[in-house]
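Shown next: entry.txt, containing compact mmCIF, C-alpha atoms and all ligand atoms.
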# COMPACT_ATOMS: atom_id res chain seq x y z
CA MET A 1 -23.30 -74.30 1.09
CA ILE A 2 -23.96 -72.42 -2.19
CA GLY A 3 -25.49 -69.08 -1.32
CA GLN A 4 -23.66 -68.97 2.02
CA THR A 5 -20.96 -66.40 2.45
CA LEU A 6 -17.39 -66.63 3.73
CA ARG A 7 -15.28 -64.05 5.56
CA LEU A 8 -11.83 -63.85 4.04
CA LYS A 9 -8.80 -61.86 5.12
CA VAL A 10 -6.31 -60.36 2.70
CA ALA A 11 -3.03 -62.04 3.63
CA ALA A 12 -0.89 -60.39 0.94
CA LEU A 13 -1.12 -58.09 -2.07
CA THR A 14 1.59 -58.08 -4.74
CA ASP A 15 1.74 -56.12 -7.98
CA ILE A 16 2.98 -58.57 -10.59
CA ALA A 17 2.61 -56.13 -13.52
CA PRO A 18 1.50 -52.50 -13.88
CA SER A 19 -2.12 -53.62 -14.34
CA LEU A 20 -2.12 -56.94 -12.46
CA ARG A 21 -2.33 -57.54 -8.74
CA HIS A 22 -1.98 -60.88 -7.00
CA VAL A 23 -4.15 -61.21 -3.91
CA ARG A 24 -3.74 -63.98 -1.35
CA LEU A 25 -6.81 -64.67 0.77
CA VAL A 26 -7.16 -66.75 3.91
CA ALA A 27 -10.11 -67.57 6.17
CA ALA A 28 -10.69 -64.58 8.46
CA ASP A 29 -11.17 -66.87 11.48
CA GLY A 30 -7.86 -68.62 10.81
CA GLY A 31 -9.61 -71.89 9.90
CA LYS A 32 -9.65 -73.97 6.73
CA LEU A 33 -11.15 -72.75 3.46
CA PRO A 34 -13.70 -74.92 1.64
CA PRO A 35 -12.29 -77.19 -1.08
CA ALA A 36 -12.29 -75.77 -4.61
CA ALA A 37 -11.65 -77.76 -7.79
CA ALA A 38 -9.79 -76.72 -10.95
CA GLY A 39 -11.61 -73.92 -12.78
CA ALA A 40 -13.40 -72.67 -9.64
CA HIS A 41 -14.13 -69.02 -8.98
CA ILE A 42 -15.27 -66.98 -6.01
CA GLN A 43 -17.30 -63.84 -5.95
CA LEU A 44 -15.92 -61.05 -3.77
CA VAL A 45 -18.06 -58.31 -2.27
CA LEU A 46 -16.00 -55.15 -2.58
CA ALA A 47 -17.28 -52.14 -0.68
CA GLY A 48 -16.32 -48.91 -2.40
CA PRO A 49 -17.30 -45.44 -1.23
CA GLY A 50 -21.11 -45.38 -1.12
CA ARG A 51 -21.42 -48.48 -3.26
CA SER A 52 -20.45 -52.13 -3.25
CA PHE A 53 -19.52 -54.41 -6.12
CA ARG A 54 -19.58 -58.18 -6.57
CA ASN A 55 -16.88 -59.44 -8.89
CA ALA A 56 -16.02 -63.03 -9.77
CA TYR A 57 -12.38 -64.13 -9.85
CA SER A 58 -10.84 -67.45 -10.87
CA LEU A 59 -8.89 -69.18 -8.13
CA VAL A 60 -5.36 -69.70 -9.39
CA SER A 61 -4.23 -71.69 -6.37
CA ARG A 62 -3.69 -75.43 -6.37
CA PRO A 63 -7.06 -77.25 -6.53
CA GLY A 64 -8.06 -78.40 -3.08
CA ALA A 65 -5.85 -75.80 -1.32
CA ARG A 66 -7.50 -75.01 2.02
CA ASP A 67 -4.91 -72.80 3.69
CA ALA A 68 -5.00 -69.90 1.19
CA TRP A 69 -6.57 -68.93 -2.12
CA ASP A 70 -4.85 -66.84 -4.77
CA ILE A 71 -6.53 -64.61 -7.33
CA ILE A 72 -5.08 -62.28 -9.97
CA VAL A 73 -6.95 -59.04 -10.55
CA ARG A 74 -6.60 -56.91 -13.62
CA ARG A 75 -7.41 -53.21 -13.58
CA VAL A 76 -9.48 -52.57 -16.68
CA PRO A 77 -10.07 -49.01 -17.89
CA ALA A 78 -13.82 -49.72 -18.13
CA SER A 79 -13.86 -51.34 -14.67
CA ARG A 80 -17.23 -51.49 -12.98
CA GLY A 81 -15.39 -50.39 -9.87
CA GLY A 82 -14.57 -53.67 -8.16
CA SER A 83 -11.19 -54.23 -9.78
CA ALA A 84 -10.32 -50.55 -9.36
CA TYR A 85 -11.12 -50.92 -5.66
CA ILE A 86 -8.76 -53.89 -5.33
CA ARG A 87 -6.02 -52.00 -7.13
CA GLU A 88 -6.39 -48.75 -5.22
CA ALA A 89 -7.97 -49.28 -1.83
CA LEU A 90 -7.59 -52.88 -0.68
CA GLN A 91 -4.96 -53.39 2.02
CA ALA A 92 -3.34 -56.44 3.59
CA GLY A 93 -5.32 -57.31 6.72
CA ASP A 94 -8.68 -56.15 5.29
CA THR A 95 -11.54 -58.61 5.53
CA LEU A 96 -13.95 -59.28 2.68
CA GLU A 97 -17.18 -61.12 2.19
CA ALA A 98 -16.99 -63.85 -0.47
CA SER A 99 -19.20 -66.52 -1.96
CA TRP A 100 -18.48 -70.20 -1.64
CA PRO A 101 -16.48 -71.40 -4.64
CA GLY A 102 -18.54 -71.96 -7.77
CA ASN A 103 -17.38 -73.77 -10.88
CA LEU A 104 -18.76 -73.16 -14.34
CA PHE A 105 -15.56 -74.15 -16.11
CA ALA A 106 -14.30 -77.44 -14.72
CA PRO A 107 -12.18 -79.73 -16.92
CA VAL A 108 -14.11 -82.67 -18.37
CA ARG A 109 -12.85 -85.80 -16.65
CA THR A 110 -13.66 -88.10 -19.56
CA ALA A 111 -11.69 -86.03 -22.09
CA ARG A 112 -8.93 -87.92 -23.85
CA ARG A 113 -6.89 -84.74 -24.09
CA HIS A 114 -7.33 -81.16 -22.82
CA LEU A 115 -6.46 -78.28 -25.17
CA MET A 116 -6.45 -74.90 -23.41
CA ILE A 117 -6.20 -71.61 -25.28
CA ALA A 118 -5.91 -68.39 -23.27
CA GLY A 119 -6.07 -64.79 -24.38
CA GLY A 120 -3.84 -62.74 -22.04
CA ILE A 121 -5.19 -62.68 -18.48
CA GLY A 122 -7.58 -65.46 -19.56
CA ILE A 123 -4.73 -67.72 -18.43
CA THR A 124 -5.98 -67.52 -14.82
CA PRO A 125 -8.40 -70.49 -14.70
CA PHE A 126 -5.81 -72.61 -16.49
CA LEU A 127 -3.27 -72.16 -13.68
CA SER A 128 -5.44 -74.39 -11.52
CA TYR A 129 -6.04 -76.75 -14.49
CA LEU A 130 -2.29 -77.21 -14.85
CA ALA A 131 -1.93 -78.04 -11.17
CA ASP A 132 -4.80 -80.52 -11.53
CA PHE A 133 -3.29 -82.20 -14.60
CA ALA A 134 0.12 -82.38 -12.89
CA MET A 135 -1.56 -84.43 -10.15
CA SER A 136 -3.98 -86.44 -12.31
CA GLY A 137 -1.71 -86.97 -15.30
CA GLY A 138 -4.33 -85.60 -17.73
CA GLU A 139 -2.87 -85.17 -21.25
CA HIS A 140 -2.93 -81.46 -21.99
CA ALA A 141 -1.51 -78.42 -23.79
CA LEU A 142 -1.90 -74.75 -22.93
CA HIS A 143 -1.40 -72.05 -25.57
CA VAL A 144 -1.28 -68.50 -24.25
CA CYS A 145 -1.71 -65.61 -26.70
CA CYS A 146 -0.46 -62.39 -25.13
CA ARG A 147 1.83 -59.42 -25.63
CA GLU A 148 5.49 -60.40 -25.72
CA GLU A 149 6.29 -58.67 -22.42
CA GLU A 150 3.35 -60.39 -20.68
CA LYS A 151 4.84 -63.86 -20.91
CA ASP A 152 7.43 -62.99 -18.26
CA VAL A 153 4.65 -61.93 -15.87
CA PHE A 154 3.20 -65.42 -15.83
CA ALA A 155 6.46 -67.35 -16.00
CA PRO A 156 6.77 -67.68 -12.18
CA TRP A 157 3.24 -69.12 -12.05
CA LEU A 158 4.14 -71.75 -14.62
CA ALA A 159 7.43 -72.95 -13.17
CA GLY A 160 7.66 -76.69 -13.48
CA ARG A 161 4.49 -76.97 -15.57
CA SER A 162 4.66 -78.92 -18.82
CA GLY A 163 2.84 -78.42 -22.10
CA VAL A 164 2.78 -74.61 -22.06
CA ALA A 165 3.52 -72.42 -25.10
CA PHE A 166 3.39 -68.63 -25.43
CA HIS A 167 2.47 -66.81 -28.61
CA TRP A 168 2.56 -63.13 -29.47
CA ASP A 169 2.03 -60.86 -32.41
CA ALA A 170 5.35 -61.15 -34.27
CA ASP A 171 6.54 -63.18 -37.22
CA GLY A 172 7.26 -66.73 -36.14
CA HIS A 173 5.42 -66.36 -32.83
CA ARG A 174 1.74 -66.08 -33.81
CA LEU A 175 -0.49 -69.03 -32.95
CA ASP A 176 -1.91 -70.71 -36.02
CA ILE A 177 -5.28 -71.46 -34.45
CA PRO A 178 -6.82 -73.34 -37.43
CA ALA A 179 -3.73 -75.57 -37.72
CA LEU A 180 -3.67 -76.24 -33.97
CA LEU A 181 -7.36 -77.13 -33.85
CA ALA A 182 -7.19 -79.29 -36.96
CA ALA A 183 -4.30 -81.32 -35.53
CA GLN A 184 -6.05 -82.48 -32.33
CA PRO A 185 -6.86 -86.16 -31.87
CA ALA A 186 -10.50 -87.26 -31.52
CA GLY A 187 -11.73 -86.99 -27.95
CA THR A 188 -9.90 -83.71 -27.28
CA HIS A 189 -11.84 -81.09 -25.33
CA LEU A 190 -11.16 -77.42 -26.04
CA TYR A 191 -11.21 -74.80 -23.28
CA VAL A 192 -10.96 -71.11 -24.16
CA CYS A 193 -10.74 -68.14 -21.81
CA GLY A 194 -10.06 -64.51 -22.59
CA PRO A 195 -11.74 -61.43 -24.02
CA ALA A 196 -14.97 -61.93 -25.96
CA GLY A 197 -13.49 -61.23 -29.41
CA PHE A 198 -10.69 -63.72 -28.84
CA ILE A 199 -13.07 -66.44 -27.67
CA ASP A 200 -15.42 -65.82 -30.58
CA HIS A 201 -12.54 -66.22 -33.03
CA VAL A 202 -11.35 -69.51 -31.51
CA VAL A 203 -14.85 -70.96 -31.17
CA THR A 204 -15.90 -69.93 -34.68
CA THR A 205 -12.75 -71.53 -36.06
CA ALA A 206 -13.33 -74.74 -34.09
CA LYS A 207 -16.93 -75.02 -35.26
CA ALA A 208 -15.92 -74.41 -38.87
CA LEU A 209 -13.50 -77.32 -38.51
CA GLY A 210 -16.29 -79.57 -37.27
CA TRP A 211 -15.63 -79.56 -33.52
CA ALA A 212 -18.69 -80.74 -31.58
CA GLN A 213 -20.33 -78.10 -29.42
CA ASP A 214 -20.09 -80.32 -26.34
CA HIS A 215 -16.32 -80.51 -26.72
CA ILE A 216 -15.94 -76.71 -26.62
CA HIS A 217 -15.91 -74.92 -23.25
CA LEU A 218 -15.45 -71.24 -22.72
CA GLU A 219 -15.17 -68.70 -19.99
CA TYR A 220 -15.24 -65.01 -20.77
CA PHE A 221 -12.80 -62.88 -18.91
CA GLY A 222 -15.21 -60.05 -18.24
CA ALA A 223 -18.12 -59.06 -20.40
CA PRO A 224 -17.32 -56.74 -23.30
CA ALA A 225 -17.42 -53.16 -22.17
CA HIS A 226 -20.64 -51.37 -23.04
CA ASP A 227 -20.80 -47.64 -23.47
CA THR A 228 -22.68 -46.74 -20.32
CA SER A 229 -22.42 -42.97 -20.74
CA GLY A 230 -25.98 -42.69 -22.07
CA ASP A 231 -27.58 -45.00 -19.52
CA GLN A 232 -30.89 -43.76 -18.11
CA GLY A 233 -32.69 -44.69 -14.95
CA PHE A 234 -35.85 -46.81 -15.17
CA GLU A 235 -38.25 -48.64 -12.88
CA VAL A 236 -38.77 -52.28 -12.07
CA ARG A 237 -42.07 -53.70 -10.82
CA ILE A 238 -42.08 -57.01 -8.93
CA ALA A 239 -45.11 -58.91 -10.25
CA SER A 240 -45.82 -60.83 -7.03
CA THR A 241 -46.02 -57.75 -4.81
CA GLY A 242 -46.78 -54.94 -7.27
CA LYS A 243 -44.02 -52.87 -5.67
CA VAL A 244 -42.03 -50.57 -7.94
CA TYR A 245 -38.35 -49.79 -7.45
CA PRO A 246 -36.23 -47.15 -9.19
CA ILE A 247 -33.03 -48.30 -10.92
CA ALA A 248 -30.46 -45.49 -11.05
CA PRO A 249 -28.39 -45.07 -14.26
CA ASP A 250 -25.19 -46.46 -12.69
CA VAL A 251 -26.70 -49.29 -10.64
CA SER A 252 -27.68 -52.77 -11.86
CA VAL A 253 -31.14 -54.24 -11.27
CA VAL A 254 -29.59 -56.93 -9.06
CA GLU A 255 -27.79 -54.33 -6.96
CA ALA A 256 -30.81 -52.03 -6.62
CA LEU A 257 -33.13 -54.87 -5.59
CA ARG A 258 -30.55 -56.31 -3.20
CA LYS A 259 -30.56 -53.00 -1.32
CA GLU A 260 -34.33 -53.40 -0.98
CA GLY A 261 -33.95 -56.89 0.48
CA ILE A 262 -34.84 -58.72 -2.75
CA ASP A 263 -32.03 -61.16 -3.48
CA ILE A 264 -31.62 -62.61 -6.96
CA LEU A 265 -29.17 -65.52 -6.99
CA THR A 266 -26.03 -64.53 -8.92
CA SER A 267 -22.62 -65.91 -9.68
CA CYS A 268 -20.56 -63.97 -12.23
CA GLU A 269 -22.51 -60.67 -12.20
CA GLN A 270 -21.04 -60.06 -15.65
CA GLY A 271 -23.69 -61.56 -17.89
CA VAL A 272 -21.89 -64.77 -18.72
CA CYS A 273 -23.06 -67.56 -16.38
CA GLY A 274 -26.86 -67.48 -16.60
CA THR A 275 -27.43 -67.82 -12.84
CA CYS A 276 -29.54 -64.66 -12.51
CA LEU A 277 -31.88 -65.43 -15.44
CA THR A 278 -35.22 -63.74 -14.74
CA ARG A 279 -38.52 -63.75 -16.66
CA VAL A 280 -39.76 -60.44 -18.01
CA LEU A 281 -43.54 -59.93 -18.21
CA GLU A 282 -43.68 -56.37 -19.57
CA GLY A 283 -41.31 -53.75 -20.92
CA GLU A 284 -38.44 -53.78 -23.39
CA VAL A 285 -35.05 -55.13 -22.33
CA ASP A 286 -31.67 -53.67 -23.27
CA HIS A 287 -29.72 -56.95 -23.30
CA ARG A 288 -26.02 -56.73 -22.37
CA ASP A 289 -25.19 -60.32 -21.52
CA MET A 290 -23.37 -63.05 -23.42
CA TYR A 291 -25.52 -65.88 -22.11
CA LEU A 292 -28.77 -65.61 -24.08
CA THR A 293 -28.84 -66.38 -27.79
CA ASP A 294 -29.80 -63.68 -30.28
CA GLU A 295 -33.19 -65.39 -30.67
CA GLU A 296 -33.79 -65.44 -26.92
CA LYS A 297 -32.85 -61.79 -26.69
CA ALA A 298 -35.22 -60.90 -29.52
CA ALA A 299 -38.07 -62.76 -27.78
CA ASN A 300 -37.76 -60.27 -24.86
CA GLU A 301 -39.13 -62.83 -22.38
CA GLN A 302 -36.15 -63.12 -20.05
CA PHE A 303 -33.06 -61.16 -19.14
CA MET A 304 -29.95 -61.03 -16.97
CA PRO A 305 -30.58 -58.42 -14.27
CA CYS A 306 -26.91 -58.43 -13.23
CA CYS A 307 -25.96 -56.47 -16.33
CA SER A 308 -28.91 -55.87 -18.69
CA ARG A 309 -31.10 -52.81 -18.47
CA ALA A 310 -34.35 -51.44 -19.94
CA ARG A 311 -35.16 -49.50 -23.07
CA SER A 312 -38.64 -48.80 -21.69
CA LYS A 313 -39.43 -46.74 -18.59
CA LEU A 314 -40.64 -49.87 -16.74
CA LEU A 315 -39.81 -53.58 -16.62
CA VAL A 316 -42.22 -55.96 -14.90
CA LEU A 317 -40.34 -58.98 -13.55
CA ASP A 318 -41.74 -62.40 -12.74
CA LEU A 319 -40.44 -62.35 -9.16
FE1 LIG A 401 -24.03 -64.52 -14.18
FE2 LIG A 401 -26.05 -62.74 -14.14
S1 LIG A 401 -25.00 -63.59 -12.49
S2 LIG A 401 -25.30 -63.83 -15.82

Target format structure tokens, applied to this file:
Amino acid sequence: MIGQTLRLKVAALTDIAPSLRHVRLVAADGGKLPPAAAGAHIQLVLAGPGRSFRNAYSLVSRPGARDAWDIIVRRVPASRGGSAYIREALQAGDTLEASWPGNLFAPVRTARRHLMIAGGIGITPFLSYLADFAMSGGEHALHVCCREEEKDVFAPWLAGRSGVAFHWDADGHRLDIPALLAAQPAGTHLYVCGPAGFIDHVVTTAKALGWAQDHIHLEYFGAPAHDTSGDQGFEVRIASTGKVYPIAPDVSVVEALRKEGIDILTSCEQGVCGTCLTRVLEGEVDHRDMYLTDEEKAANEQFMPCCSRARSKLLVLDL
């Protein structure tokens, strides 16, 4: 099923905050959707004028829901275009192509306790976690760090859910992350979702307190914005065929090759999941992902063609 596509219809669009839009999706043929577990995401193909985008969104609906899926889309100023398209052009009744649900952030079933920490809109994957734990009885706590006014936006999504606390930047309301992490019983798994800086802070704190790497799980809510104003075009040569393809300054390698009929398997298309990892045989990579380690990036032997680019005029790819 992975790799197959779905046709979805937009059943409803609702603005839940100035920058947040709730989208309800159903199967375009009126049938059942495939099952999706807590933490699952789908990738939507969003056709803008002259260009299409593939963006991944967490499903915030109840795990296993097959009648409709819900996603929450945030308009980011540095949007690659997909979220801007949803905010400005998508209409109820439109149909969209989507991937089958993927899951890179599922709760660990053997965990004794689940500690979730969200930065702002990073709450989205945890909405399905909470529904899962309500059914399974998993011991859990969710701490959401956001602006004070944002907590009301998510309140309707959390009605009836236990173990949720909001924190914001004011005396008496800030989350004491070191104290929270230090107080967890052995066997707790930590899940963090939000902007990169937020995740880095939580993970660094956890590691400094001795948390085991395999008890820490993270999902970035969008790769950090890169300044793309100076991006140049370059060329990519496919080693197996010798064919050379131009990569325009505002188009990713994945996107450019897809138009030429060369499909690289992707999932997040934001440089966080590792699905598109591709070996580089020649040329210098401009790494923009959060998947490879600093050492792997320095080795210049592989890259993420969904987001990374080239410093050299040509990259030769082992495809
Ligand atoms: Fe996820 Fe490229 S598709 S890193």

Wanna dump the chain A-ligand LIG 401 (chain A) contacts at 8 Å for me, each residue with its shortest atom pair and the distance in Å to one decimal, counting only C-alpha atoms and all ligand atoms, ordered by chain and number, as a Markdown table?
| residue | atom | partner | partner_atom | distance |
| --- | --- | --- | --- | --- |
| A:Leu265 | CA | A:LIG401 | S1 | 7.2 |
| A:Thr266 | CA | A:LIG401 | S1 | 3.8 |
| A:Ser267 | CA | A:LIG401 | S1 | 4.4 |
| A:Cys268 | CA | A:LIG401 | FE1 | 4.0 |
| A:Glu269 | CA | A:LIG401 | S1 | 3.8 |
| A:Gln270 | CA | A:LIG401 | FE1 | 5.6 |
| A:Gly271 | CA | A:LIG401 | S2 | 3.5 |
| A:Val272 | CA | A:LIG401 | S2 | 4.6 |
| A:Cys273 | CA | A:LIG401 | FE1 | 3.9 |
| A:Gly274 | CA | A:LIG401 | S2 | 4.0 |
| A:Thr275 | CA | A:LIG401 | S1 | 4.9 |
| A:Cys276 | CA | A:LIG401 | FE2 | 4.3 |
| A:Leu277 | CA | A:LIG401 | FE2 | 6.6 |
| A:Asp289 | CA | A:LIG401 | S2 | 6.7 |
| A:Met290 | CA | A:LIG401 | S2 | 7.9 |
| A:Tyr291 | CA | A:LIG401 | S2 | 6.6 |
| A:Met304 | CA | A:LIG401 | FE2 | 5.1 |
| A:Pro305 | CA | A:LIG401 | FE2 | 6.3 |
| A:Cys306 | CA | A:LIG401 | FE2 | 4.5 |
| A:Cys307 | CA | A:LIG401 | FE2 | 6.6 |

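For Lys313 in chain A, the list of residues within 8 Å, based on only C-alpha atoms and with local chain neighbours fewer than 3 positions off taken out, reads Gly233, Phe234, Glu235, Gly283 and Ala310 of chain A.
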
Practice problem: Would you mind reading off the distance between CA of His143 in chain A and CA of Tyr191 in chain A, one decimal, in Å? | Solution: 10.4 Å

Quiz item: Between CA of Gln43 in chain A and CA of Leu314 in chain A, what is the spacing in Å?
Solution: 29.3 Å

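Among the candidate residues A:Ala68, A:Leu104, A:Ala165, A:Ala40, the one lying nearest to Thr124 in chain A is A:Ala40, with distances computed using only C-alpha atoms.
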
Exercise. For Glu139 in chain A, please output as a PyMOL selection string all residues within 8 Å (counting all atoms listed in the file; exclusion window: fewer than 6 positions along the same chain).
Key: chain A and resi 112-114+133

Practice problem: Would you please work out which residue, of A:Arg54, A:Cys193, A:Arg62, A:Gly138, is nearest to Ala111 in chain A when using all atoms listed in the file? | Solution: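 Looking at the shortest contact to Ala111 in chain A, the residue is A:Gly138.
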
Exercise. Take CA of Ile238 in chain A and CA of Leu46 in chain A and report the distance between them in Å, one decimal.
Key: 26.9 Å

Quiz prompt | Pick from A:Asp318, A:Asp294, A:Glu88, A:Asp94, whichever lies nearest to Val10 in chain A using all atoms listed in the file | solution = A:Asp94

Self-check item: Given all atoms listed in the file as the counted atoms, nearest of A:Phe53, A:Phe166, A:Phe154, A:Trp211 to Val251 in chain A
Solution: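 Selected residue with least distance to Val251 in chain A: A:Phe53.
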
Could you write range 240-249 of chain A as a short mmCIF file (atom, residue, chain, number, x, y, z; two decimals), keeping the file's coordinate frame, with all heavy atoms rebuilt where they are missing?
data_model
loop_
_atom_site.label_atom_id
_atom_site.label_comp_id
_atom_site.auth_asym_id
_atom_site.auth_seq_id
_atom_site.Cartn_x
_atom_site.Cartn_y
_atom_site.Cartn_z
N SER A 240 -45.13 -60.17 -8.15
CA SER A 240 -45.82 -60.83 -7.03
C SER A 240 -46.30 -59.85 -5.97
O SER A 240 -47.25 -60.13 -5.25
CB SER A 240 -44.89 -61.86 -6.39
OG SER A 240 -43.73 -61.20 -5.90
N THR A 241 -45.64 -58.70 -5.86
CA THR A 241 -46.02 -57.75 -4.81
C THR A 241 -46.60 -56.46 -5.38
O THR A 241 -47.25 -55.70 -4.66
CB THR A 241 -44.78 -57.35 -3.97
OG1 THR A 241 -43.84 -56.71 -4.84
CG2 THR A 241 -44.15 -58.57 -3.31
N GLY A 242 -46.33 -56.20 -6.66
CA GLY A 242 -46.78 -54.94 -7.27
C GLY A 242 -45.90 -53.77 -6.90
O GLY A 242 -46.12 -52.64 -7.38
N LYS A 243 -44.89 -53.99 -6.09
CA LYS A 243 -44.02 -52.87 -5.67
C LYS A 243 -43.10 -52.45 -6.81
O LYS A 243 -42.62 -53.30 -7.57
CB LYS A 243 -43.20 -53.26 -4.46
CG LYS A 243 -44.02 -53.31 -3.18
CD LYS A 243 -43.10 -53.33 -1.98
CE LYS A 243 -43.96 -53.29 -0.72
NZ LYS A 243 -43.24 -53.75 0.46
N VAL A 244 -42.87 -51.13 -6.86
CA VAL A 244 -42.03 -50.57 -7.94
C VAL A 244 -40.76 -49.99 -7.32
O VAL A 244 -40.82 -49.32 -6.28
CB VAL A 244 -42.82 -49.47 -8.69
CG1 VAL A 244 -41.94 -48.79 -9.73
CG2 VAL A 244 -44.06 -50.08 -9.36
N TYR A 245 -39.63 -50.26 -7.97
CA TYR A 245 -38.35 -49.79 -7.45
C TYR A 245 -37.61 -49.02 -8.55
O TYR A 245 -37.56 -49.48 -9.70
CB TYR A 245 -37.48 -50.97 -7.00
CG TYR A 245 -38.15 -51.80 -5.93
CD1 TYR A 245 -38.89 -52.93 -6.26
CD2 TYR A 245 -38.05 -51.43 -4.59
CE1 TYR A 245 -39.52 -53.69 -5.28
CE2 TYR A 245 -38.67 -52.18 -3.59
CZ TYR A 245 -39.40 -53.32 -3.94
OH TYR A 245 -40.03 -54.05 -2.98
N PRO A 246 -37.02 -47.89 -8.19
CA PRO A 246 -36.23 -47.15 -9.19
C PRO A 246 -34.85 -47.79 -9.38
O PRO A 246 -34.25 -48.27 -8.43
CB PRO A 246 -36.08 -45.76 -8.57
CG PRO A 246 -36.18 -45.99 -7.09
CD PRO A 246 -37.04 -47.22 -6.88
N ILE A 247 -34.37 -47.80 -10.62
CA ILE A 247 -33.03 -48.30 -10.92
C ILE A 247 -32.22 -47.10 -11.43
O ILE A 247 -32.50 -46.58 -12.51
CB ILE A 247 -33.06 -49.41 -12.01
CG1 ILE A 247 -34.12 -50.48 -11.69
CG2 ILE A 247 -31.66 -50.01 -12.19
CD1 ILE A 247 -33.89 -51.30 -10.44
N ALA A 248 -31.26 -46.67 -10.67
CA ALA A 248 -30.46 -45.49 -11.05
C ALA A 248 -29.59 -45.84 -12.26
O ALA A 248 -29.30 -47.01 -12.52
CB ALA A 248 -29.59 -45.05 -9.87
N PRO A 249 -29.15 -44.81 -13.02
CA PRO A 249 -28.39 -45.07 -14.26
C PRO A 249 -27.12 -45.89 -14.04
O PRO A 249 -26.72 -46.63 -14.92
CB PRO A 249 -28.04 -43.67 -14.76
CG PRO A 249 -29.04 -42.76 -14.14
CD PRO A 249 -29.42 -43.38 -12.82
#
